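> Below you will find the structure I want to go over with you.
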Amino acid sequence: MKKRKEIAIYGKGGIGKSTTTSNISAALSDEGYTVMQIGCDPKSDSTNTLTNGKSIPTVLETLRNGRNVGLEDMIHEGFNGILCVEAGGPEPGVGCAGRGIITAVEFLKQKFVFEEYSPDVVLYDVLGDVVCGGFAMPIREGVASQVYTVSSADFMALYAANNLFKGIKKYSNNGGALFSGIIANSINLPIQKRILEDFSLQTKSTIAEFVPRSLTVTRSELGGKTTIESDPDSEQAGVYRKLAKHIIKNDNEYVPSPLEGDELKIWAESWSDKLLEQKETEHDLECVVPGAE
Amino acid sequence: MSKKLNKDKKWRINLDEPAPLPKEQLWNSTKTFYGKASEILEKSRKHELQQDQDRIFRQNAMCPNFTSVLRLMTIRDGITISHAPVGCAGYLNAQPQLFQGIPKELGRPELDFHWLTSNLRENDVIFGGSEKLGKTIKLADERYKPRSIFVLASCVSGIIGDDLEGLVREIQPDTKATIVPIHCEGTRSRIWQSGYDSVWHGVLKYLVREPKKTQEDLVNIPASFSLTWIDRQELTRLLAKLGLRPNFVPELATTEQLEILAEAAVTAPVCGSLGNYLGYGLEQEFDVPFFNYPPPFGLHNTESWLRKIAEFTGKENEVEKLIEEERAAIEPKLEALRKEFKGDEATVLDWGGQARGLGLPLLTHELGLDVKGIGMYEYDEVIPEAVEELIEKVGDFDVVVADMQPYELEQIFIKHKPDVYTTCPFTGGHFKRAHTAGVRHHSFRGDPTPNSPQYGYIGLITYGNFLLRAHKHHTLNKTLGTHVRQPYKEKIYRQHSPFVKKEEKGKITSLAKEEGK
C-alpha cells in the first residue's frame with residue numbers, strides 16, 4: 001500500500017492558507033489522488049471554495065449537537081470528490097479554540113477516519129502562529145508528518161513562520177512533524193522574493209514555490225471556487241499545479257533553525273535599511289515590511 | 001502499534017492515539033434511562049439510547065480523573081502523579097485507608113503508596129506545564145525508584161494541550177520507571193466510568209508487553225472496585241481447583257502483573273463498565289481471548305463464568321466436576337434460604353454497576369425473590385444479549401440508569417416501595433428512613449468481613465443471608481423512618497419525575513405525569 005501523505009499547512013491569518021491549500025487539494029485531485037482537507041480553524045471556512053462557497057457542518061458542532069454521530073456526519077465531498085472536513089470551534093472571544101482542534105482531530109483518528117476513507121493525501125489547514133498547545137496538535141507525533149507554511153514577505157507573516165519553526169523544533173525531539181518548505185504567497189516584486197529567500201537562508205529552510213498575487217484567485221474565490229476549478233487554464237492554476245506536484249513528490253523533511261530572541265528583529269531591521277535605500281532608487285516599491293516606510 | 005484493525009469488529013480501539021474515545025462515543029453508553037428492560041434492549045439495538053431521554057437537572061457528577069486514581073493509586077510498585085492543580089490530588093490521600101482494614105493474615109500486601117502532584121499554577125497554565133511535569137517525574141523516579149509512573153491528565157493539562165506523549169518520548173530514555181500517561185481529563189466525558197477506559201488505554205499502550213510465552217493457567221480478571229477481598233479469595237479458590245491462577249488487576253497489583261496481561265489464557269469479566277476496554281484491547285492487539293458476560297454473580301452466572309474460562313483453558317472436564325462438588329456443598333444452605341423466602345412476596349430494588357445491576361435479578365430469582373427494578377450507574381450498548389437472556393429468565397422489569405442523583409432515587413423508591421433495597425454504601429443512606437430495608441451490598445475491595453462476599457458460590461450464600469436478614473428485620477429502618485425526617489420537603493415529592501423526553505425538555509413534561517401521577 002502506498003504511504004499516505006499527511007501534511008499540515010500553517011500560516012498567519014489572512015495570508016492565503018486556505019486558498020493555497022484548497023488549490024493544492026484541487027490540483028492533486030485532478031491528478032487522480034484522493035485528497036482529504038481538514039480545516040483546523042474555528043472560522044471553519046477552509047474548504048469553502050471546494051464546496052461552491054457553502055459552509056459544511058463542522059466536527060465540533062456535530063459532536064456538540066448530536067449523539068451517536070459518525071464520520072459520515074462530518075465528512076463532505078467537495079469538488080472532484082475531495083473529502084472536506086472542518087474541525088470548527090468556538091465563536092470569537094469565547095471558549096478554547098485550541099482544545100477544539102485537539103478534540104476534533106482525536107475524534108477523527110479514534111474513528112479510524114483514514115482507514116475508512118483511504119485518502120492518499122491529507123492536508124491540515126491550520127490557523128496561525130502555533131499560539132498554544134492545541135494549535136500545535138497537528139505537528140505532534142502521529143498526526144501530520146510534513147509541515148509547510150504559507151507566508152508573504154510581510155514581516156508579521158514571517159514572524160508567524162518563525163514561530164512555527166520554534167514549534168517544530170520543540171516537537172521534533174518527540175517524534176513530531178518536520179518542515180518541508182515555505183510556500184511564498186503574494187510574491188509579485190523581486191524585492192519580496194529576495195526577502196523570502198534571505199529568510200529561508202537565515203532559518204535554514206527551503207522554499208516550495210513562489211505564488212504571485214493574482215486577480216484570478218480573487219475572482220474564483222468570490223465565485224466560491226478554487227482557481228483550479230473556475231479557471232483551470234489560467235497561469236495561476238499552472239502555478240498551483242506546479243506547487244501540488246512539488247508537494248506530492250517532496251520528501252525533504254528537516255528541522256529549520258528559527259531566529260531566536262532579537263535575531264528576527266535585527267534581521268527585519270537590516271531589510272528595512274535595504275528597502276529604504278532601494279526606495280530612493282526605484283520609487284516603485286510597495287510597502288512590504290511594516291516599519292520600512 | 002495497533003496491529004490488527006479488523007474492520008468487521010464492532011468494538012475497535014485505536015491505541016495509536018493518546019486517548020480513548022469517551023464511553024458515550026465508544027460504547028454508546030448512557031447515564032440516563034427510565035423504562036422497562038425490554039425498552040432498553042430495543043433502544044440499545046437501535047443505537048437510540050442516548051437520543052431519547054434527558055434530565056431536567058442533574059444533582060451530582062463525578063470525575064473521570066477520580067476513577068483513574070482509584071484504579072492506579074494502589075499499584076504496589078508504581079507512583080501516581082496528578083498533573084493538575086493541587087486540588088485535583090485531594091482524594092489521593094484516601095486510597096490507603098480504604099484497604100488498610102484488610103488484615104495482613106488474609107494476604108493483604110504492604111500498603112506503601114506514594115503520589116505526587118505537578119501542582120499546576122497560573123504560570124504553568126500560561127507557559128505550559130510539561131517542563132514542570134518532567135521535573136516531577138524525575139523526582140518520583142529518583143526518590144521512590146518505582147517500576148511505573150502513572151501521569152494522570154486533568155482538565156487543565158488537557159485544555160492547555162500539554163503534549164504528554166511527546167514528553168514521555170523525550171524523558172523515558174533517562175527514566176528507569178516506565179511512564180504511562182493516562183488521559184482522564186475531567187472535561188472529556190460526563191460518564192465518569194470513562195476514566196476506567198483511559199487507564200486501560202495507557203496500560204495497553206505503554207505497559208503490556210509482547211507475550212514471551214502464553215501462561216496457559218493465567219486468567220486476567222479486571223477486578224471492580226467493589227470486588228471485596230473475600231470475593232477475591234473465593235474466585236482464587238475456584239480457579240485453583242481448576243489448576244488456574246487469577247491475575248487481578250489493577251488494584252493492588254504490581255507493574256509486572258500489568259506487563260504480562262498479554263500472556264494470559266483468557267480475560268474474564270467481573271464488571272463490563274470496568275473491564276471491557278481491557279478485554280477487547282487484549283483481544284484485538286494480542287489475541288488474548290475475552291468474554292464480556294456474565295460476571296460470576298449468582299449461581300447460573302458463576303457457573304457460566306467458570307465454564308467459559310474452562311473453554312479457553314482446556315478444563316472442560318474439570319469444570320463439570322468442580323461445579324458438581326460446589327453445588328453439593330452449598331445445596332443445603334441454598335435450600336434453607338429458598339425455604340425462608342418461600343411464600344413471601346418480597347420485592348427487591350437494586351442499584352449497582354452493570355455487573356450487579358444485571359446480575360441481581362437472576363440471583364434473587366434463584367433464591368425465590370422477585371426483583372421489581374434495577375438501577376445501573378451507567379449502561380453500555382455492548383451487552384444486549386445479556387439483557388435479553390435476563391428478560392427470558394425472570395420476565396420484564398424496570399430499569400433506571402443514573403447515579404449520584406439522590407432525588408431521582410427517592411422518586412423511584414416512592415414509586416416502587418420495595419421490601420428490600422440494596423445499594424452501594426455511599427448512596428443508600430436515606431432510604432433507611434423510609435420504612436424499608438436497606439442493604440449495603442456494594443462493598444469495597446477493602447471490606448474483609450465475612451459478610452462482604454457476593455461473588456461465586458460462597459458469595460451467593462453470604463449475600464442470600466444478607467438479603468434474608470434485611471428482609472426479615474425491618475426494625476432499624478422503621479425506627480429511622482419514624483424518627484428521621486425525609487430528606488426533601490413534602491412538595492418536592494409531589495413534583496414531576498426528573499426524567500424527561502428530549503423533545504419535551506423545554507416544556508418540562510415529565511414521564512411521571514404521563515403515567516397519570
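Identifiers for the C-alpha cells are assigned positionally: chains receive A, B, ... in sequence, residues are indexed from 1 per chain, and ligands are indexed from 1 in the order shown.
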Could you write out as a list in words the residues of chain A within 6 Å of chain B, counting only C-alpha atoms?
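Listing them in order of chain and number gives Arg99, Gln110, Gly133, Gly134 and Asn174 of chain A.
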> Rounded to one decimal place, report the atom CA of A:Asn23-atom CA of A:Thr218 distance in Å.
12.6 Å
> Could you give me, as a count of residues only, the residues within 10 Å of A:Leu259, counting only C-alpha atoms and dropping anything in the same chain fewer than 2 positions from it?
18
> Extract the full set of helix (DSSP H, G or I) residues from stretch 79-261 of chain A according to DSSP on the backbone, and format it as an MDAnalysis selection string.
chainID A and resid 79:81 97:110 113:117 134:139 155:172 190:202 215:222 227:230 235:249
> Within 12 Å of B:Gln97, counting only C-alpha atoms, which residues qualify if same-chain residues fewer than 6 places away don't, as a ChimeraX atom specification?
/B:73-74,91,111-113,444-447
> Go through B:Thr187, B:Ser44, B:Gln411, B:Asn465 and flag the residue nearest B:Pro450, using only C-alpha atoms for the distances.
B:Asn465
> Pick the closest to B:Ile260 from B:His83, B:Arg485, B:Lys145, B:Arg209: which is it, counting only C-alpha atoms?
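Ranked by minimum distance to B:Ile260, first place goes to B:Arg209.
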